[in-house]
Amino acid sequence: MSDKPKTFAEQFYLEDASFIQRLKRDVRLLHFLFMTFVMWVKSRKVRTEFQRCRASNEPFYVDRFAPPGLNR
Amino acid sequence: MKLHDTPSTENLPTYRTPPISGNQINGLGIKEKNRPKRVFHALWRTDFPWAGMNAFFIMNNPWELLWEALKYRWNMRRSTGPVARQRVEVNAPNEMAQQLKEKAKEFGTGIVGITEIMPEDLYDDVELNYRYAICIGVPMRREEMLHVPHARAGQEVQRCYGEVGGVAIELAEYIRSIGWPAYAYGDPRSTDILQIPLAIRAGLGQLGKHGSIICKEYGSNVRLSTVATNIPLALDKPIDIGVDDLCIGCRRCTMDCPPNAITDKKQWVRGEYRWYVDFDKCVPYFTATYGCAICIEVCPWSEPDRGTKLSQMLLVKRNKNGSSPDRVGSLTYRV
């Protein structure tokens, strides 16, 4: 099996998939979207901090952030 | 269009330890043809250099914008699916092309064209087994886009991606229903292809100095999607509506771009001499302002009902001056 990470399209856009495969895909996609939502909810403080930095002339660093990502 | 209330470029999101330049990843200065590498809009991965900025782009969205994005990705799972066993044979590719264009218009597209997919249209981490691209464009609502660079305009961009993606899904489903494989590609955040170079070769428009497509019908006020398929189709040709004639002298987007990311000179990018927007300057402002889009809305071509007259005027002027620049198919694209 290849080690190449699958792209978003390769993971979620299935060709000739059976009902079960489509169901699994839907569950995984919902999970990914939910994780994106969770990331957004948790980042309320980050948004406030960004606005504060903008107003007070302080730098705002993004190094610490990571996208939700996906398990291969 | 007159800009009002433009956020400052002070204290934009930045890196403590800057990653490799996005311009380097994009192949700026490279004269050999290469496939593009992912640099932004790849939320499913955590291992690309600009991942932190990409994550903050999502974090910074207001709820309405995030909701549109989540809905869109959920709907795009229908991008592909089972192909009907009974295949309609295609004896006349030009007739089939015409039929599919009419279908696309029936499903709600504004403009549509067909071209062949080249390896350079795909990111370097994917293989694609389709030969043709049916490129689709749907206009954004200008009255909403006049609110650039604020969240209201960002929400309209995402809504329009949903609309144009929906057209692509319906068209792909139709093609599969007549026995041919087809795959609908939506917005740049989740696809494996570059929409703009394909749309230019399919004759939807030309590239502007601001790195976006300019079409006669809607200027740059348009979003794209693509249906990849193997059904035999007649190809469209790139068009020349005089975009370069205007861009060379017009400095509207250059001057209105708050982070000064747009330059007046074409540059070599992965084997093409073309307009290029400085990624490292554009993206922090783009991230802070929910997708910015100032450059596409201030573009003179984006004024409603202006494109056709502008094109006629530019082409007449060129013919009078006797110059015939080889500009058709020149490319550039934004992140």
# chains A, B, ... in the order shown; residues from 1 in each chain; ligands from 1
call {"tool": "closest_atom_pairs", "arguments": {"of": "chain A", "to": "chain B", "cutoff": "8 Å", "atoms": "only C-alpha atoms", "output": "JSON lines"}}
result
{"residue": "A:Lys4", "atom": "CA", "partner": "B:Asp125", "partner_atom": "CA", "distance": 7.8}
{"residue": "A:Thr7", "atom": "CA", "partner": "B:Asp192", "partner_atom": "CA", "distance": 7.4}
{"residue": "A:Phe8", "atom": "CA", "partner": "B:Ser190", "partner_atom": "CA", "distance": 5.8}
{"residue": "A:Ala9", "atom": "CA", "partner": "B:Thr191", "partner_atom": "CA", "distance": 6.0}
{"residue": "A:Phe12", "atom": "CA", "partner": "B:Arg77", "partner_atom": "CA", "distance": 6.1}
{"residue": "A:Tyr13", "atom": "CA", "partner": "B:Arg77", "partner_atom": "CA", "distance": 5.5}
{"residue": "A:Leu14", "atom": "CA", "partner": "B:Thr80", "partner_atom": "CA", "distance": 6.1}
{"residue": "A:Glu15", "atom": "CA", "partner": "B:Gly81", "partner_atom": "CA", "distance": 5.0}
{"residue": "A:Asp16", "atom": "CA", "partner": "B:Pro82", "partner_atom": "CA", "distance": 4.7}
{"residue": "A:Ala17", "atom": "CA", "partner": "B:Gly81", "partner_atom": "CA", "distance": 7.0}
{"residue": "A:Asp26", "atom": "CA", "partner": "B:Arg77", "partner_atom": "CA", "distance": 7.9}
{"residue": "A:Leu29", "atom": "CA", "partner": "B:Trp74", "partner_atom": "CA", "distance": 7.3}
{"residue": "A:Leu30", "atom": "CA", "partner": "B:Trp74", "partner_atom": "CA", "distance": 7.6}
{"residue": "A:Leu33", "atom": "CA", "partner": "B:Leu70", "partner_atom": "CA", "distance": 6.3}
{"residue": "A:Phe37", "atom": "CA", "partner": "B:Leu66", "partner_atom": "CA", "distance": 8.0}
{"residue": "A:Met39", "atom": "CA", "partner": "B:Met59", "partner_atom": "CA", "distance": 7.0}
{"residue": "A:Trp40", "atom": "CA", "partner": "B:Met59", "partner_atom": "CA", "distance": 4.9}
{"residue": "A:Ser43", "atom": "CA", "partner": "B:Met59", "partner_atom": "CA", "distance": 5.8}
{"residue": "A:Arg44", "atom": "CA", "partner": "B:Met59", "partner_atom": "CA", "distance": 7.9}
{"residue": "A:Val46", "atom": "CA", "partner": "B:Met59", "partner_atom": "CA", "distance": 7.7}
{"residue": "A:Arg47", "atom": "CA", "partner": "B:Asn60", "partner_atom": "CA", "distance": 5.8}
{"residue": "A:Phe50", "atom": "CA", "partner": "B:Pro13", "partner_atom": "CA", "distance": 7.9}
{"residue": "A:Cys53", "atom": "CA", "partner": "B:Asn11", "partner_atom": "CA", "distance": 7.1}
{"residue": "A:Arg54", "atom": "CA", "partner": "B:Asn11", "partner_atom": "CA", "distance": 5.4}
{"residue": "A:Asn57", "atom": "CA", "partner": "B:Asn11", "partner_atom": "CA", "distance": 6.1}
{"residue": "A:Glu58", "atom": "CA", "partner": "B:Asn11", "partner_atom": "CA", "distance": 6.5}
{"residue": "A:Pro59", "atom": "CA", "partner": "B:Asn11", "partner_atom": "CA", "distance": 5.5}
{"residue": "A:Phe60", "atom": "CA", "partner": "B:Pro13", "partner_atom": "CA", "distance": 5.1}
{"residue": "A:Tyr61", "atom": "CA", "partner": "B:Thr14", "partner_atom": "CA", "distance": 5.0}
{"residue": "A:Val62", "atom": "CA", "partner": "B:Gly52", "partner_atom": "CA", "distance": 5.3}
{"residue": "A:Asp63", "atom": "CA", "partner": "B:Gly52", "partner_atom": "CA", "distance": 5.4}
{"residue": "A:Arg64", "atom": "CA", "partner": "B:Gly52", "partner_atom": "CA", "distance": 6.7}
{"residue": "A:Phe65", "atom": "CA", "partner": "B:Gly52", "partner_atom": "CA", "distance": 4.6}
{"residue": "A:Ala66", "atom": "CA", "partner": "B:Gly52", "partner_atom": "CA", "distance": 5.2}
{"residue": "A:Pro67", "atom": "CA", "partner": "B:Ala55", "partner_atom": "CA", "distance": 4.6}
{"residue": "A:Pro68", "atom": "CA", "partner": "B:Leu43", "partner_atom": "CA", "distance": 6.5}
{"residue": "A:Gly69", "atom": "CA", "partner": "B:Trp44", "partner_atom": "CA", "distance": 4.0}
{"residue": "A:Leu70", "atom": "CA", "partner": "B:Trp44", "partner_atom": "CA", "distance": 5.2}
call {"tool": "select_by_dssp", "arguments": {"residues": "chain A", "states": "helix (DSSP H, G or I)", "output": "NGL selection string"}}
result
:A and (8-12 or 19-42 or 44-56)
call {"tool": "residues_around", "arguments": {"residues": "Ile213 (chain B)", "least_positions_apart": "2", "cutoff": "10 Å", "atoms": "only C-alpha atoms", "output": "list in words"}}
result
Gln195, Ile196, Pro197, Ala199, Ile200, Leu204, Gly205, Gln206, Leu207, Gly208, Lys209, His210, Gly211, Cys215, Gly219, Ser220, Asn221, Val222, Arg223, Leu224, Val243, Ile296, Leu331, Thr332, Tyr333 and Arg334 of chain B
call {"tool": "write_last_selection", "arguments": {"atoms": "N, CA and C atoms", "output": "mmCIF file, in the first residue's frame"}}
result
data_model
loop_
_atom_site.group_PDB
_atom_site.id
_atom_site.type_symbol
_atom_site.label_atom_id
_atom_site.label_comp_id
_atom_site.auth_asym_id
_atom_site.auth_seq_id
_atom_site.Cartn_x
_atom_site.Cartn_y
_atom_site.Cartn_z
ATOM 1 N N GLN B 195 -8.487 25.364 -11.251
ATOM 2 C CA GLN B 195 -9.655 25.709 -12.073
ATOM 3 C C GLN B 195 -9.322 26.775 -13.119
ATOM 4 N N ILE B 196 -8.519 27.759 -12.751
ATOM 5 C CA ILE B 196 -8.369 28.930 -13.628
ATOM 6 C C ILE B 196 -7.658 28.602 -14.948
ATOM 7 N N PRO B 197 -6.524 27.898 -14.920
ATOM 8 C CA PRO B 197 -5.900 27.592 -16.218
ATOM 9 C C PRO B 197 -6.829 26.796 -17.142
ATOM 10 N N ALA B 199 -10.168 26.909 -17.158
ATOM 11 C CA ALA B 199 -11.232 27.791 -17.643
ATOM 12 C C ALA B 199 -10.726 28.724 -18.737
ATOM 13 N N ILE B 200 -9.478 29.133 -18.632
ATOM 14 C CA ILE B 200 -8.915 30.014 -19.669
ATOM 15 C C ILE B 200 -8.777 29.249 -20.990
ATOM 16 N N LEU B 204 -13.370 30.590 -21.367
ATOM 17 C CA LEU B 204 -14.279 31.350 -20.492
ATOM 18 C C LEU B 204 -13.810 32.786 -20.305
ATOM 19 N N GLY B 205 -12.512 33.004 -20.441
ATOM 20 C CA GLY B 205 -11.996 34.361 -20.249
ATOM 21 C C GLY B 205 -10.488 34.377 -20.335
ATOM 22 N N GLN B 206 -9.890 35.464 -19.842
ATOM 23 C CA GLN B 206 -8.438 35.598 -19.848
ATOM 24 C C GLN B 206 -7.974 35.958 -18.446
ATOM 25 N N LEU B 207 -6.670 35.864 -18.252
ATOM 26 C CA LEU B 207 -6.117 36.174 -16.948
ATOM 27 C C LEU B 207 -5.855 37.646 -16.774
ATOM 28 N N GLY B 208 -6.218 38.167 -15.629
ATOM 29 C CA GLY B 208 -5.957 39.571 -15.334
ATOM 30 C C GLY B 208 -4.696 39.714 -14.500
ATOM 31 N N LYS B 209 -4.256 40.940 -14.382
ATOM 32 C CA LYS B 209 -3.070 41.267 -13.588
ATOM 33 C C LYS B 209 -3.245 40.848 -12.134
ATOM 34 N N HIS B 210 -4.496 40.813 -11.672
ATOM 35 C CA HIS B 210 -4.801 40.486 -10.281
ATOM 36 C C HIS B 210 -4.853 38.974 -10.041
ATOM 37 N N GLY B 211 -4.494 38.189 -11.044
ATOM 38 C CA GLY B 211 -4.384 36.745 -10.838
ATOM 39 C C GLY B 211 -5.689 35.990 -10.902
ATOM 40 N N CYS B 215 -13.820 37.441 -17.437
ATOM 41 C CA CYS B 215 -14.650 37.038 -18.573
ATOM 42 C C CYS B 215 -15.486 38.236 -19.021
ATOM 43 N N GLY B 219 -16.853 39.970 -15.851
ATOM 44 C CA GLY B 219 -15.555 40.444 -15.382
ATOM 45 C C GLY B 219 -14.918 39.385 -14.501
ATOM 46 N N SER B 220 -14.439 39.800 -13.318
ATOM 47 C CA SER B 220 -13.850 38.831 -12.383
ATOM 48 C C SER B 220 -14.835 38.413 -11.317
ATOM 49 N N ASN B 221 -16.049 38.901 -11.441
ATOM 50 C CA ASN B 221 -17.061 38.657 -10.413
ATOM 51 C C ASN B 221 -17.724 37.294 -10.628
ATOM 52 N N VAL B 222 -16.904 36.252 -10.657
ATOM 53 C CA VAL B 222 -17.387 34.926 -11.049
ATOM 54 C C VAL B 222 -16.648 33.851 -10.252
ATOM 55 N N ARG B 223 -17.296 32.737 -10.005
ATOM 56 C CA ARG B 223 -16.636 31.570 -9.373
ATOM 57 C C ARG B 223 -16.752 30.383 -10.320
ATOM 58 N N LEU B 224 -15.744 29.513 -10.234
ATOM 59 C CA LEU B 224 -15.637 28.422 -11.205
ATOM 60 C C LEU B 224 -15.789 27.055 -10.567
ATOM 61 N N VAL B 243 -7.982 41.571 -22.608
ATOM 62 C CA VAL B 243 -7.664 41.773 -21.188
ATOM 63 C C VAL B 243 -6.262 42.350 -21.000
ATOM 64 N N ILE B 296 -10.633 41.791 -7.318
ATOM 65 C CA ILE B 296 -11.587 41.351 -8.343
ATOM 66 C C ILE B 296 -12.794 42.277 -8.423
ATOM 67 N N LEU B 331 -1.493 32.927 -18.712
ATOM 68 C CA LEU B 331 -2.091 32.484 -17.454
ATOM 69 C C LEU B 331 -1.522 33.183 -16.236
ATOM 70 N N THR B 332 -2.286 33.220 -15.228
ATOM 71 C CA THR B 332 -1.819 33.499 -13.882
ATOM 72 C C THR B 332 -2.973 33.135 -12.976
ATOM 73 N N TYR B 333 -2.706 32.861 -11.715
ATOM 74 C CA TYR B 333 -3.807 32.495 -10.851
ATOM 75 C C TYR B 333 -3.487 32.824 -9.406
ATOM 76 N N ARG B 334 -4.535 32.973 -8.661
ATOM 77 C CA ARG B 334 -4.398 33.274 -7.241
ATOM 78 C C ARG B 334 -4.364 31.992 -6.435
#
call {"tool": "atom_distance", "arguments": {"atom1": "CA of Ile25 (chain B)", "atom2": "CA of Arg38 (chain B)"}}
result
7.9 Å
call {"tool": "residues_around", "arguments": {"residues": "Leu198 (chain B)", "least_positions_apart": "5", "cutoff": "9 Å", "atoms": "only C-alpha atoms", "output": "CSV table (one decimal) with all heavy atoms, in the first residue's frame"}}
result
chain,number,residue,atom,x,y,z
B,114,ILE,N,-15.2,24.0,-22.8
B,114,ILE,CA,-14.6,22.6,-22.7
B,114,ILE,C,-13.2,22.6,-23.2
B,114,ILE,O,-12.8,23.3,-24.2
B,114,ILE,CB,-15.4,21.6,-23.6
B,114,ILE,CG1,-16.9,21.5,-23.1
B,114,ILE,CG2,-14.8,20.2,-23.6
B,114,ILE,CD1,-17.9,20.8,-24.0
B,115,THR,N,-12.3,22.0,-22.4
B,115,THR,CA,-10.9,21.8,-22.8
B,115,THR,C,-10.4,20.5,-22.4
B,115,THR,O,-11.1,19.7,-21.7
B,115,THR,CB,-10.1,23.0,-22.2
B,115,THR,OG1,-8.8,23.0,-22.7
B,115,THR,CG2,-10.0,22.8,-20.7
B,116,GLU,N,-9.1,20.2,-22.8
B,116,GLU,CA,-8.5,19.0,-22.4
B,116,GLU,C,-7.7,19.2,-21.1
B,116,GLU,O,-7.1,20.3,-20.9
B,116,GLU,CB,-7.5,18.5,-23.4
B,116,GLU,CG,-8.0,17.3,-24.2
B,116,GLU,CD,-7.0,16.8,-25.2
B,116,GLU,OE1,-6.5,17.7,-25.9
B,116,GLU,OE2,-6.9,15.6,-25.4
B,117,ILE,N,-7.6,18.2,-20.2
B,117,ILE,CA,-6.9,18.3,-19.0
B,117,ILE,C,-5.4,17.9,-19.2
B,117,ILE,O,-5.1,16.9,-19.8
B,117,ILE,CB,-7.5,17.4,-17.9
B,117,ILE,CG1,-9.0,17.8,-17.6
B,117,ILE,CG2,-6.7,17.6,-16.6
B,117,ILE,CD1,-9.7,16.9,-16.6
B,118,MET,N,-4.5,18.8,-18.8
B,118,MET,CA,-3.1,18.6,-18.9
B,118,MET,C,-2.5,18.2,-17.6
B,118,MET,O,-3.1,18.6,-16.5
B,118,MET,CB,-2.4,19.9,-19.4
B,118,MET,CG,-2.9,20.4,-20.8
B,118,MET,SD,-2.4,19.2,-22.0
B,118,MET,CE,-3.2,20.0,-23.5
B,121,ASP,N,-2.3,20.9,-14.9
B,121,ASP,CA,-3.6,21.3,-14.2
B,121,ASP,C,-3.8,20.6,-12.9
B,121,ASP,O,-4.8,21.0,-12.2
B,121,ASP,CB,-4.8,21.1,-15.1
B,121,ASP,CG,-4.6,21.8,-16.5
B,121,ASP,OD1,-4.1,22.9,-16.5
B,121,ASP,OD2,-5.0,21.2,-17.5
B,133,ALA,N,-12.3,18.5,-19.5
B,133,ALA,CA,-12.8,19.4,-18.4
B,133,ALA,C,-13.9,20.2,-19.0
B,133,ALA,O,-13.7,20.9,-20.0
B,133,ALA,CB,-11.7,20.2,-17.9
B,134,ILE,N,-15.1,20.2,-18.4
B,134,ILE,CA,-16.2,21.1,-18.7
B,134,ILE,C,-16.1,22.2,-17.6
B,134,ILE,O,-16.4,21.9,-16.5
B,134,ILE,CB,-17.6,20.4,-18.7
B,134,ILE,CG1,-17.5,19.2,-19.7
B,134,ILE,CG2,-18.7,21.3,-19.2
B,134,ILE,CD1,-18.8,18.3,-19.6
B,135,CYS,N,-15.8,23.4,-18.0
B,135,CYS,CA,-15.6,24.4,-17.1
B,135,CYS,C,-16.8,25.3,-17.0
B,135,CYS,O,-17.4,25.7,-18.0
B,135,CYS,CB,-14.4,25.3,-17.5
B,135,CYS,SG,-12.9,24.3,-17.6
B,193,ILE,N,-7.4,20.0,-8.7
B,193,ILE,CA,-7.1,20.6,-9.9
B,193,ILE,C,-7.0,22.1,-9.8
B,193,ILE,O,-7.6,22.7,-8.9
B,193,ILE,CB,-8.1,20.2,-11.0
B,193,ILE,CG1,-9.5,20.7,-10.7
B,193,ILE,CG2,-8.0,18.8,-11.4
B,193,ILE,CD1,-10.5,20.6,-11.8
B,203,GLY,N,-11.9,28.8,-22.9
B,203,GLY,CA,-12.5,30.0,-23.6
B,203,GLY,C,-13.5,30.8,-22.7
B,203,GLY,O,-14.3,31.5,-23.2
B,226,THR,N,-15.6,22.7,-12.2
B,226,THR,CA,-15.2,21.9,-13.3
B,226,THR,C,-15.8,20.5,-13.2
B,226,THR,O,-15.8,19.9,-12.2
B,226,THR,CB,-13.7,21.8,-13.4
B,226,THR,OG1,-13.1,23.1,-13.6
B,226,THR,CG2,-13.2,20.9,-14.6
call {"tool": "decode", "arguments": {"residues": "region 8-21 of chain B", "atoms": "all heavy atoms", "output": "compact mmCIF listing (two decimals), in the first residue's frame"}}
result
# COMPACT_ATOMS: atom_id res chain seq x y z
N SER B 8 -6.59 48.01 7.86
CA SER B 8 -5.18 48.36 7.67
C SER B 8 -4.33 47.11 7.47
O SER B 8 -4.74 45.99 7.75
CB SER B 8 -4.69 49.15 8.87
OG SER B 8 -3.80 48.40 9.64
N THR B 9 -3.12 47.32 6.99
CA THR B 9 -2.19 46.20 6.78
C THR B 9 -1.24 46.05 7.98
O THR B 9 -0.32 45.25 7.94
CB THR B 9 -1.35 46.41 5.51
OG1 THR B 9 -0.73 47.70 5.60
CG2 THR B 9 -2.21 46.35 4.27
N GLU B 10 -1.48 46.84 9.01
CA GLU B 10 -0.65 46.72 10.22
C GLU B 10 -1.09 45.48 11.01
O GLU B 10 -2.27 45.15 11.05
CB GLU B 10 -0.86 47.94 11.13
CG GLU B 10 -0.49 49.27 10.49
CD GLU B 10 1.00 49.39 10.26
OE1 GLU B 10 1.76 49.04 11.18
OE2 GLU B 10 1.39 49.83 9.16
N ASN B 11 -0.13 44.82 11.62
CA ASN B 11 -0.39 43.70 12.53
C ASN B 11 -1.26 42.60 11.92
O ASN B 11 -2.23 42.14 12.52
CB ASN B 11 -1.05 44.20 13.82
CG ASN B 11 -0.21 45.25 14.47
OD1 ASN B 11 0.98 45.07 14.66
ND2 ASN B 11 -0.80 46.39 14.76
N LEU B 12 -0.89 42.20 10.75
CA LEU B 12 -1.57 41.06 10.12
C LEU B 12 -1.09 39.78 10.78
O LEU B 12 -0.02 39.77 11.40
CB LEU B 12 -1.24 41.03 8.62
CG LEU B 12 -1.81 42.19 7.82
CD1 LEU B 12 -1.28 42.15 6.40
CD2 LEU B 12 -3.33 42.17 7.82
N PRO B 13 -1.84 38.67 10.66
CA PRO B 13 -1.32 37.41 11.21
C PRO B 13 0.01 37.07 10.55
O PRO B 13 0.17 37.26 9.34
CB PRO B 13 -2.41 36.39 10.83
CG PRO B 13 -3.26 37.05 9.80
CD PRO B 13 -3.14 38.52 10.01
N THR B 14 0.93 36.60 11.37
CA THR B 14 2.28 36.34 10.84
C THR B 14 2.90 35.13 11.53
O THR B 14 2.29 34.54 12.43
CB THR B 14 3.16 37.60 11.04
OG1 THR B 14 4.41 37.38 10.39
CG2 THR B 14 3.42 37.88 12.52
N TYR B 15 4.10 34.77 11.10
CA TYR B 15 4.81 33.63 11.68
C TYR B 15 5.97 34.11 12.54
O TYR B 15 6.68 35.05 12.15
CB TYR B 15 5.37 32.72 10.58
CG TYR B 15 4.36 31.79 9.97
CD1 TYR B 15 3.63 32.16 8.85
CD2 TYR B 15 4.14 30.53 10.51
CE1 TYR B 15 2.71 31.30 8.28
CE2 TYR B 15 3.23 29.66 9.95
CZ TYR B 15 2.52 30.05 8.84
OH TYR B 15 1.61 29.19 8.29
N ARG B 16 6.15 33.46 13.68
CA ARG B 16 7.35 33.73 14.49
C ARG B 16 8.56 33.17 13.73
O ARG B 16 9.57 33.82 13.60
CB ARG B 16 7.21 33.02 15.85
CG ARG B 16 8.06 33.59 16.95
CD ARG B 16 7.81 32.82 18.23
NE ARG B 16 6.50 33.05 18.81
CZ ARG B 16 6.21 34.05 19.64
NH1 ARG B 16 7.16 34.88 20.00
NH2 ARG B 16 5.01 34.20 20.13
N THR B 17 8.39 31.94 13.22
CA THR B 17 9.42 31.34 12.37
C THR B 17 8.80 31.18 10.98
O THR B 17 8.01 30.26 10.76
CB THR B 17 9.82 29.94 12.90
OG1 THR B 17 10.07 30.06 14.29
CG2 THR B 17 11.01 29.39 12.17
N PRO B 18 9.14 32.06 10.05
CA PRO B 18 8.47 32.02 8.75
C PRO B 18 8.72 30.71 8.01
O PRO B 18 9.84 30.20 8.02
CB PRO B 18 9.10 33.19 7.99
CG PRO B 18 9.71 34.06 9.03
CD PRO B 18 10.11 33.15 10.15
N PRO B 19 7.69 30.15 7.39
CA PRO B 19 7.89 28.93 6.60
C PRO B 19 8.54 29.27 5.26
O PRO B 19 8.77 30.45 4.97
CB PRO B 19 6.46 28.44 6.38
CG PRO B 19 5.61 29.67 6.44
CD PRO B 19 6.31 30.64 7.34
N ILE B 20 8.79 28.26 4.48
CA ILE B 20 9.33 28.48 3.13
C ILE B 20 8.36 29.41 2.38
O ILE B 20 7.15 29.33 2.57
CB ILE B 20 9.52 27.12 2.41
CG1 ILE B 20 10.04 27.33 1.00
CG2 ILE B 20 8.23 26.33 2.38
CD1 ILE B 20 10.37 26.01 0.28
N SER B 21 8.92 30.29 1.57
CA SER B 21 8.07 31.26 0.86
C SER B 21 7.05 30.55 -0.03
O SER B 21 7.38 29.61 -0.75
CB SER B 21 8.97 32.15 -0.01
OG SER B 21 8.20 32.79 -0.99
